[in-house]
>>> print(open('protein.json').read())   # JSON, C-alpha atoms
[["chain", "number", "residue", "atom", "x", "y", "z"],
["A", 755, "MET", "CA", 10.13, 33.67, 2.49],
["A", 756, "HIS", "CA", 10.61, 34.65, -1.14],
["A", 757, "PHE", "CA", 13.72, 34.22, -3.28],
["A", 758, "ALA", "CA", 14.88, 36.78, -5.82],
["A", 759, "ASP", "CA", 15.65, 34.06, -8.36],
["A", 760, "ARG", "CA", 17.16, 30.57, -8.55],
["A", 761, "ARG", "CA", 20.73, 31.79, -8.00],
["A", 762, "ASP", "CA", 19.65, 33.58, -4.83],
["A", 763, "ALA", "CA", 17.84, 30.43, -3.71],
["A", 764, "GLY", "CA", 20.96, 28.38, -4.40],
["A", 765, "ARG", "CA", 23.17, 30.64, -2.31],
["A", 766, "ARG", "CA", 20.76, 30.52, 0.62],
["A", 767, "LEU", "CA", 20.50, 26.76, 0.35],
["A", 768, "ALA", "CA", 24.28, 26.42, 0.18],
["A", 769, "ASN", "CA", 24.51, 28.16, 3.55],
["A", 770, "GLN", "CA", 22.71, 25.17, 5.06],
["A", 771, "LEU", "CA", 24.95, 22.57, 3.41],
["A", 772, "GLY", "CA", 28.40, 23.60, 4.61],
["A", 773, "HIS", "CA", 28.43, 20.73, 7.12],
["A", 774, "LEU", "CA", 28.82, 18.29, 4.22],
["A", 775, "ALA", "CA", 32.27, 19.60, 3.29],
["A", 776, "VAL", "CA", 33.35, 19.52, 6.93],
["A", 777, "GLU", "CA", 32.11, 15.94, 7.38],
["A", 778, "SER", "CA", 33.90, 14.89, 4.22],
["A", 779, "ALA", "CA", 37.14, 16.38, 5.52],
["A", 780, "VAL", "CA", 36.80, 14.71, 8.90],
["A", 781, "GLU", "CA", 36.32, 11.33, 7.24],
["A", 782, "ARG", "CA", 39.57, 11.79, 5.29],
["A", 783, "GLY", "CA", 41.44, 13.55, 8.10],
["A", 784, "ASP", "CA", 42.53, 16.51, 5.98],
["A", 785, "GLU", "CA", 41.54, 20.09, 5.24],
["A", 786, "PRO", "CA", 37.90, 20.76, 4.27],
["A", 787, "ALA", "CA", 37.30, 19.86, 0.66],
["A", 788, "SER", "CA", 34.65, 17.97, -1.24],
["A", 789, "ASP", "CA", 36.32, 15.16, -3.16],
["A", 790, "GLY", "CA", 33.64, 12.80, -1.88],
["A", 791, "ILE", "CA", 30.68, 15.02, -2.79],
["A", 792, "VAL", "CA", 28.85, 15.28, -6.10],
["A", 793, "VAL", "CA", 26.09, 17.82, -6.73],
["A", 794, "LEU", "CA", 23.34, 16.85, -9.19],
["A", 795, "GLY", "CA", 20.77, 19.34, -10.44],
["A", 796, "LEU", "CA", 17.41, 18.44, -11.95],
["A", 797, "PRO", "CA", 17.17, 20.15, -15.32],
["A", 798, "ARG", "CA", 16.25, 22.60, -16.08],
["A", 799, "GLY", "CA", 15.27, 24.79, -13.12],
["A", 800, "GLY", "CA", 17.26, 22.90, -10.51],
["A", 801, "VAL", "CA", 20.61, 23.41, -12.24],
["A", 802, "PRO", "CA", 21.14, 27.14, -11.48],
["A", 803, "VAL", "CA", 20.33, 26.36, -7.84],
["A", 804, "ALA", "CA", 22.73, 23.41, -7.86],
["A", 805, "PHE", "CA", 25.46, 25.52, -9.47],
["A", 806, "GLU", "CA", 25.63, 27.80, -6.44],
["A", 807, "ILE", "CA", 25.85, 24.78, -4.13],
["A", 808, "ALA", "CA", 28.59, 23.13, -6.18],
["A", 809, "LEU", "CA", 30.50, 26.42, -6.12],
["A", 810, "ALA", "CA", 30.17, 26.76, -2.36],
["A", 811, "LEU", "CA", 31.21, 23.14, -1.73],
["A", 812, "SER", "CA", 33.94, 23.07, -4.43],
["A", 813, "ALA", "CA", 32.20, 19.95, -5.71],
["A", 814, "PRO", "CA", 31.63, 18.68, -9.26],
["A", 815, "LEU", "CA", 28.27, 19.45, -10.86],
["A", 816, "ASP", "CA", 26.24, 17.17, -13.10],
["A", 817, "VAL", "CA", 22.61, 16.65, -13.98],
["A", 818, "VAL", "CA", 20.23, 13.83, -13.13],
["A", 819, "VAL", "CA", 17.57, 13.87, -15.81],
["A", 820, "VAL", "CA", 13.97, 13.11, -14.93],
["A", 821, "ARG", "CA", 10.66, 13.97, -16.56],
["A", 822, "LYS", "CA", 7.27, 14.45, -14.98],
["A", 823, "LEU", "CA", 4.42, 12.39, -16.37],
["A", 824, "GLY", "CA", 1.69, 14.98, -16.61],
["A", 825, "ALA", "CA", -1.92, 13.85, -16.41],
["A", 826, "PRO", "CA", -4.00, 13.82, -19.61],
["A", 827, "HIS", "CA", -5.64, 17.24, -20.08],
["A", 828, "GLN", "CA", -3.88, 18.43, -16.90],
["A", 829, "PRO", "CA", -0.17, 18.35, -17.81],
["A", 830, "GLU", "CA", 0.78, 20.45, -14.77],
["A", 831, "LEU", "CA", -0.48, 17.65, -12.49],
["A", 832, "ALA", "CA", 2.12, 14.92, -12.01],
["A", 833, "MET", "CA", 0.78, 11.39, -12.02],
["A", 834, "GLY", "CA", 4.35, 10.06, -11.85],
["A", 835, "ALA", "CA", 7.82, 10.51, -13.26],
["A", 836, "ILE", "CA", 10.46, 8.76, -15.31],
["A", 837, "GLY", "CA", 14.22, 9.06, -15.21],
["A", 838, "GLU", "CA", 17.52, 7.91, -16.58],
["A", 839, "ASP", "CA", 18.43, 4.22, -16.35],
["A", 840, "GLY", "CA", 14.82, 3.22, -16.95],
["A", 841, "VAL", "CA", 13.45, 4.54, -13.65],
["A", 842, "ARG", "CA", 9.66, 4.85, -13.65],
["A", 843, "LEU", "CA", 7.13, 5.51, -10.93],
["A", 844, "LEU", "CA", 3.40, 6.20, -10.91],
["A", 845, "ASP", "CA", 1.17, 7.74, -8.28],
["A", 846, "GLU", "CA", -1.73, 5.32, -8.47],
["A", 847, "GLY", "CA", -3.96, 7.66, -6.50],
["A", 848, "VAL", "CA", -3.52, 10.43, -9.06],
["A", 849, "VAL", "CA", -3.89, 8.00, -11.95],
["A", 850, "ARG", "CA", -7.23, 6.83, -10.57],
["A", 851, "ALA", "CA", -8.39, 10.36, -9.78],
["A", 852, "VAL", "CA", -7.81, 11.62, -13.33],
["A", 853, "GLY", "CA", -9.01, 8.40, -14.96],
["A", 854, "ALA", "CA", -5.86, 7.95, -17.06],
["A", 855, "THR", "CA", -5.91, 4.81, -19.18],
["A", 856, "ALA", "CA", -2.94, 2.53, -19.79],
["A", 857, "GLU", "CA", -2.83, 3.72, -23.40],
["A", 858, "GLU", "CA", -2.76, 7.39, -22.37],
["A", 859, "ILE", "CA", 0.01, 6.74, -19.85],
["A", 860, "ALA", "CA", 2.06, 4.83, -22.44],
["A", 861, "ALA", "CA", 1.73, 7.66, -24.97],
["A", 862, "ILE", "CA", 2.75, 10.29, -22.42],
["A", 863, "GLU", "CA", 5.68, 8.17, -21.28],
["A", 864, "GLU", "CA", 6.89, 7.63, -24.86],
["A", 865, "ARG", "CA", 6.88, 11.38, -25.48],
["A", 866, "GLU", "CA", 8.65, 12.14, -22.22],
["A", 867, "ARG", "CA", 11.26, 9.40, -22.78],
["A", 868, "ALA", "CA", 12.19, 11.07, -26.06],
["A", 869, "GLU", "CA", 12.56, 14.44, -24.32],
["A", 870, "LEU", "CA", 14.56, 12.85, -21.50],
["A", 871, "ALA", "CA", 17.02, 11.34, -24.00],
["A", 872, "ARG", "CA", 17.30, 14.66, -25.83],
["A", 873, "ARG", "CA", 18.11, 16.54, -22.65],
["A", 874, "ALA", "CA", 20.66, 14.00, -21.43],
["A", 875, "SER", "CA", 22.44, 14.23, -24.78],
["A", 876, "GLN", "CA", 22.16, 18.03, -24.90],
["A", 877, "PHE", "CA", 23.62, 18.53, -21.45],
["A", 878, "ARG", "CA", 26.31, 15.84, -21.36],
["A", 879, "GLY", "CA", 27.11, 15.21, -25.00],
["A", 880, "ASP", "CA", 29.01, 11.93, -25.25],
["A", 881, "ALA", "CA", 30.37, 12.18, -21.71],
["A", 882, "PRO", "CA", 29.14, 9.64, -19.14],
["A", 883, "PRO", "CA", 27.52, 10.79, -15.90],
["A", 884, "ILE", "CA", 29.94, 11.71, -13.13],
["A", 885, "PRO", "CA", 30.48, 8.54, -11.05],
["A", 886, "VAL", "CA", 28.64, 8.61, -7.73],
["A", 887, "GLU", "CA", 29.41, 5.15, -6.36],
["A", 888, "GLY", "CA", 30.56, 5.37, -2.76],
["A", 889, "ARG", "CA", 30.11, 9.15, -2.66],
["A", 890, "THR", "CA", 27.82, 11.64, -0.95],
["A", 891, "VAL", "CA", 25.39, 12.99, -3.54],
["A", 892, "VAL", "CA", 23.39, 16.19, -3.17],
["A", 893, "ILE", "CA", 20.29, 16.17, -5.40],
["A", 894, "VAL", "CA", 18.98, 19.68, -5.99],
["A", 895, "ASP", "CA", 15.80, 21.10, -7.49],
["A", 896, "ASP", "CA", 14.29, 24.57, -7.39],
["A", 897, "GLY", "CA", 11.41, 23.31, -5.25],
["A", 898, "ILE", "CA", 9.08, 20.40, -4.62],
["A", 899, "ALA", "CA", 5.45, 20.19, -5.63],
["A", 900, "THR", "CA", 4.23, 16.57, -5.73],
["A", 901, "GLY", "CA", 7.67, 15.04, -5.12],
["A", 902, "SER", "CA", 7.51, 12.68, -8.11],
["A", 903, "SER", "CA", 10.57, 14.12, -9.84],
["A", 904, "ALA", "CA", 12.62, 14.18, -6.64],
["A", 905, "ARG", "CA", 11.64, 10.59, -5.87],
["A", 906, "ALA", "CA", 12.69, 9.43, -9.35],
["A", 907, "ALA", "CA", 16.01, 11.26, -9.07],
["A", 908, "CYS", "CA", 16.73, 9.66, -5.70],
["A", 909, "ARG", "CA", 16.08, 6.20, -7.09],
["A", 910, "ILE", "CA", 18.43, 6.78, -10.03],
["A", 911, "VAL", "CA", 21.25, 7.89, -7.75],
["A", 912, "ARG", "CA", 20.62, 5.11, -5.22],
["A", 913, "ALA", "CA", 20.85, 2.52, -8.00],
["A", 914, "ARG", "CA", 24.15, 4.05, -9.14],
["A", 915, "GLY", "CA", 25.68, 3.28, -5.76],
["A", 916, "ALA", "CA", 25.76, 6.55, -3.83],
["A", 917, "SER", "CA", 26.75, 5.94, -0.20],
["A", 918, "ARG", "CA", 24.76, 8.90, 1.13],
["A", 919, "LEU", "CA", 21.95, 10.82, -0.49],
["A", 920, "VAL", "CA", 21.02, 14.39, 0.46],
["A", 921, "LEU", "CA", 17.91, 15.95, -1.10],
["A", 922, "ALA", "CA", 18.14, 19.74, -1.00],
["A", 923, "VAL", "CA", 15.60, 22.31, -2.19],
["A", 924, "PRO", "CA", 14.92, 25.97, -1.44],
["A", 925, "VAL", "CA", 11.20, 25.48, -0.84],
["A", 926, "ALA", "CA", 8.78, 22.60, -0.30],
["A", 927, "PRO", "CA", 5.47, 21.88, 1.44],
["A", 928, "ASP", "CA", 5.73, 21.33, 5.18],
["A", 929, "ARG", "CA", 4.93, 17.61, 4.77],
["A", 930, "TRP", "CA", 7.74, 16.93, 2.29],
["A", 931, "THR", "CA", 10.14, 15.06, 4.57],
["A", 932, "LYS", "CA", 7.32, 12.71, 5.58],
["A", 933, "ASP", "CA", 6.31, 12.10, 1.97],
["A", 934, "LEU", "CA", 9.90, 11.38, 0.88],
["A", 935, "ARG", "CA", 11.25, 9.76, 4.06],
["A", 936, "ASP", "CA", 12.08, 6.50, 2.28],
["A", 937, "GLU", "CA", 14.09, 8.14, -0.50],
["A", 938, "ALA", "CA", 16.97, 10.17, 1.01],
["A", 939, "ASP", "CA", 19.28, 10.00, 4.02],
["A", 940, "GLU", "CA", 19.03, 13.73, 4.72],
["A", 941, "PHE", "CA", 16.66, 16.52, 3.73],
["A", 942, "VAL", "CA", 17.65, 20.18, 3.61],
["A", 943, "CYS", "CA", 15.20, 22.97, 2.84],
["A", 944, "VAL", "CA", 15.32, 26.73, 3.37],
["A", 945, "SER", "CA", 11.56, 27.22, 3.69],
["A", 946, "SER", "CA", 8.70, 24.75, 4.25],
["A", 947, "PRO", "CA", 5.53, 26.86, 4.34],
["A", 948, "ARG", "CA", 2.28, 25.41, 5.57],
["A", 949, "TRP", "CA", 0.23, 27.12, 2.86],
["A", 950, "TYR", "CA", 1.68, 26.04, -0.45],
["A", 951, "ARG", "CA", 0.23, 26.09, -3.95],
["A", 952, "SER", "CA", 3.20, 26.03, -6.31],
["A", 953, "VAL", "CA", 6.99, 26.39, -6.41],
["A", 954, "GLY", "CA", 6.87, 29.55, -8.53],
["A", 955, "GLU", "CA", 4.92, 31.59, -5.99],
["A", 956, "TRP", "CA", 8.00, 31.65, -3.74],
["A", 957, "TYR", "CA", 10.23, 33.32, -6.36],
["A", 958, "ARG", "CA", 10.08, 36.91, -7.55],
["A", 959, "ASP", "CA", 11.73, 35.80, -10.81],
["A", 960, "PHE", "CA", 10.70, 32.29, -11.81],
["A", 961, "SER", "CA", 11.27, 32.66, -15.54],
["A", 962, "GLN", "CA", 11.94, 29.46, -17.43],
["A", 963, "THR", "CA", 15.50, 28.15, -17.37],
["A", 964, "THR", "CA", 16.80, 27.48, -20.89],
["A", 965, "ASP", "CA", 18.96, 24.66, -22.21],
["A", 966, "ASP", "CA", 21.73, 27.20, -22.85],
["A", 967, "GLU", "CA", 21.66, 28.34, -19.23],
["A", 968, "VAL", "CA", 21.97, 24.75, -18.02],
["A", 969, "ILE", "CA", 24.93, 24.18, -20.34],
["A", 970, "ARG", "CA", 26.62, 27.39, -19.16],
["A", 971, "CYS", "CA", 26.25, 26.32, -15.52],
["A", 972, "LEU", "CA", 27.78, 22.91, -16.25],
["A", 973, "GLU", "CA", 30.65, 24.43, -18.24],
["A", 974, "GLN", "CA", 31.40, 27.05, -15.58],
["A", 975, "ALA", "CA", 31.34, 24.43, -12.84],
["A", 976, "ALA", "CA", 33.73, 22.22, -14.81],
["A", 977, "ARG", "CA", 36.21, 25.09, -15.05]]
>>> encode(input="protein.json", output="structure tokens")
Amino acid sequence: MHFADRRDAGRRLANQLGHLAVESAVERGDEPASDGIVVLGLPRGGVPVAFEIALALSAPLDVVVVRKLGAPHQPELAMGAIGEDGVRLLDEGVVRAVGATAEEIAAIEERERAELARRASQFRGDAPPIPVEGRTVVIVDDGIATGSSARAACRIVRARGASRLVLAVPVAPDRWTKDLRDEADEFVCVSSPRWYRSVGEWYRDFSQTTDDEVIRCLEQAAR
């Protein structure tokens, strides 16, 4: 299955998440609404996907900012990830395979921490993150490759007190729920192909999402 672009992927994914609004309504005993749901997109590419889900669920939209720690000389290969609130994780198997030294990892992390802070400030300004304590949180990305970024995002949201965590992506490898089984309460995915090389191969338009596009999504969702 291929998606036209991230918005198309978001709409298809939203079709599989309607049960969340219904469950929220049943818990409160009123008409379907999503006061208890928060949608968090991983910038940048996950935010246009998350926007469509927030729209469909009438839920607030925010970002959860994480950064991949790319291997030395192979930046596309994740050897771990960092996130807001000091979250950090390393894939020791990848670190050993690429022979990354402690000094190299520290330098990469310092650079990525600076970019993480820049993005958090760019997207939220002086506003604090939307509170998630006691709420159902849907974490959304445009796809999963190694799972490092998704894992870091889940740990951030868990530590902030979410009562239920749903990890939702348009596409991921067929093993993804097994790899991430300790991180989320529910996994939702439109397509989990057996043969999988990269997220981008499943989109006809996988052009880079810009900071301005992320900001527009957040502003439109707020309105």
>>> atom_distance(input="protein.json", atom1="atom CA of Glu967 of chain A", atom2="atom CA of Ala938 of chain A")
27.6 Å
>>> residues_around(input="protein.json", residues="Val920 of chain A", least_positions_apart="5", cutoff="6 Å", atoms="all atoms listed in the file", output="VMD selection string")
chain A and resid 892 938 to 941
>>> closest_atom_pairs(input="protein.json", of="segment 825-855 of chain A", to="segment 869-874 of chain A", cutoff="9 Å", atoms="all atoms listed in the file", output="CSV")
residue,atom,partner,partner_atom,distance
A:Ile836,CA,A:Leu870,CA,8.5
A:Gly837,CA,A:Leu870,CA,7.4
A:Glu838,CA,A:Leu870,CA,7.6
>>> residues_around(input="protein.json", residues="Val801 of chain A", least_positions_apart="5", cutoff="8 Å", atoms="only C-alpha atoms", output="PyMOL selection string")
chain A and resi 794-796+817+894-895+968+971
>>> atom_distance(input="protein.json", atom1="atom CA of Ile898 of chain A", atom2="atom CA of Gly879 of chain A")
27.7 Å
>>> atom_distance(input="protein.json", atom1="atom CA of Glu858 of chain A", atom2="atom CA of Gly840 of chain A")
18.9 Å
>>> closest_residue(input="protein.json", among="A:Phe877, A:Arg850, A:Thr855, A:Ala907", to="Thr964 of chain A", atoms="all atoms listed in the file")
A:Phe877
>>> axis_aligned_box(input="protein.json", around="segment 847-863 of chain A", padding_each_side="8 Å", output="JSON")
{"center_x": -1.7, "center_y": 7.1, "center_z": -15.7, "size_x": 30.7, "size_y": 25.1, "size_z": 34.5}
>>> closest_residue(input="protein.json", among="A:Val925, A:Val849, A:Val911, A:Ala758", to="Val953 of chain A", atoms="only C-alpha atoms")
A:Val925
>>> residues_near_point(input="protein.json", point="(12.7, 21.8, -2.8)", cutoff="10 Å", atoms="only C-alpha atoms", output="PyMOL selection string")
chain A and resi 767+800+893-899+901+904+921-927+930+941-946+953
>>> build_atoms(input="protein.json", residues="segment 901-918 of chain A", atoms="N, CA and C atoms", output="CSV table (one decimal), keeping the file's coordinate frame")
chain,number,residue,atom,x,y,z
A,901,GLY,N,6.6,15.9,-5.5
A,901,GLY,CA,7.7,15.0,-5.1
A,901,GLY,C,8.0,13.9,-6.1
A,902,SER,N,7.3,13.8,-7.2
A,902,SER,CA,7.5,12.7,-8.1
A,902,SER,C,8.9,12.8,-8.7
A,903,SER,N,9.3,14.0,-9.2
A,903,SER,CA,10.6,14.1,-9.8
A,903,SER,C,11.7,13.9,-8.9
A,904,ALA,N,11.6,14.4,-7.6
A,904,ALA,CA,12.6,14.2,-6.6
A,904,ALA,C,12.7,12.7,-6.3
A,905,ARG,N,11.6,12.0,-6.2
A,905,ARG,CA,11.6,10.6,-5.9
A,905,ARG,C,12.4,9.8,-7.0
A,906,ALA,N,12.0,10.1,-8.2
A,906,ALA,CA,12.7,9.4,-9.4
A,906,ALA,C,14.2,9.7,-9.3
A,907,ALA,N,14.6,10.9,-9.1
A,907,ALA,CA,16.0,11.3,-9.1
A,907,ALA,C,16.7,10.5,-8.0
A,908,CYS,N,16.1,10.4,-6.8
A,908,CYS,CA,16.7,9.7,-5.7
A,908,CYS,C,16.9,8.2,-6.1
A,909,ARG,N,16.0,7.6,-6.7
A,909,ARG,CA,16.1,6.2,-7.1
A,909,ARG,C,17.2,6.0,-8.1
A,910,ILE,N,17.3,6.9,-9.1
A,910,ILE,CA,18.4,6.8,-10.0
A,910,ILE,C,19.8,6.8,-9.3
A,911,VAL,N,20.0,7.7,-8.4
A,911,VAL,CA,21.2,7.9,-7.8
A,911,VAL,C,21.5,6.7,-6.8
A,912,ARG,N,20.5,6.3,-6.1
A,912,ARG,CA,20.6,5.1,-5.2
A,912,ARG,C,21.1,3.9,-6.0
A,913,ALA,N,20.5,3.7,-7.2
A,913,ALA,CA,20.8,2.5,-8.0
A,913,ALA,C,22.3,2.6,-8.5
A,914,ARG,N,22.8,3.8,-8.7
A,914,ARG,CA,24.2,4.0,-9.1
A,914,ARG,C,25.2,3.9,-8.0
A,915,GLY,N,24.7,3.6,-6.8
A,915,GLY,CA,25.7,3.3,-5.8
A,915,GLY,C,26.1,4.4,-4.8
A,916,ALA,N,25.4,5.5,-4.8
A,916,ALA,CA,25.8,6.6,-3.8
A,916,ALA,C,25.7,6.0,-2.4
A,917,SER,N,26.7,6.4,-1.6
A,917,SER,CA,26.8,5.9,-0.2
A,917,SER,C,25.9,6.8,0.7
A,918,ARG,N,25.6,8.0,0.3
A,918,ARG,CA,24.8,8.9,1.1
A,918,ARG,C,24.0,9.8,0.2
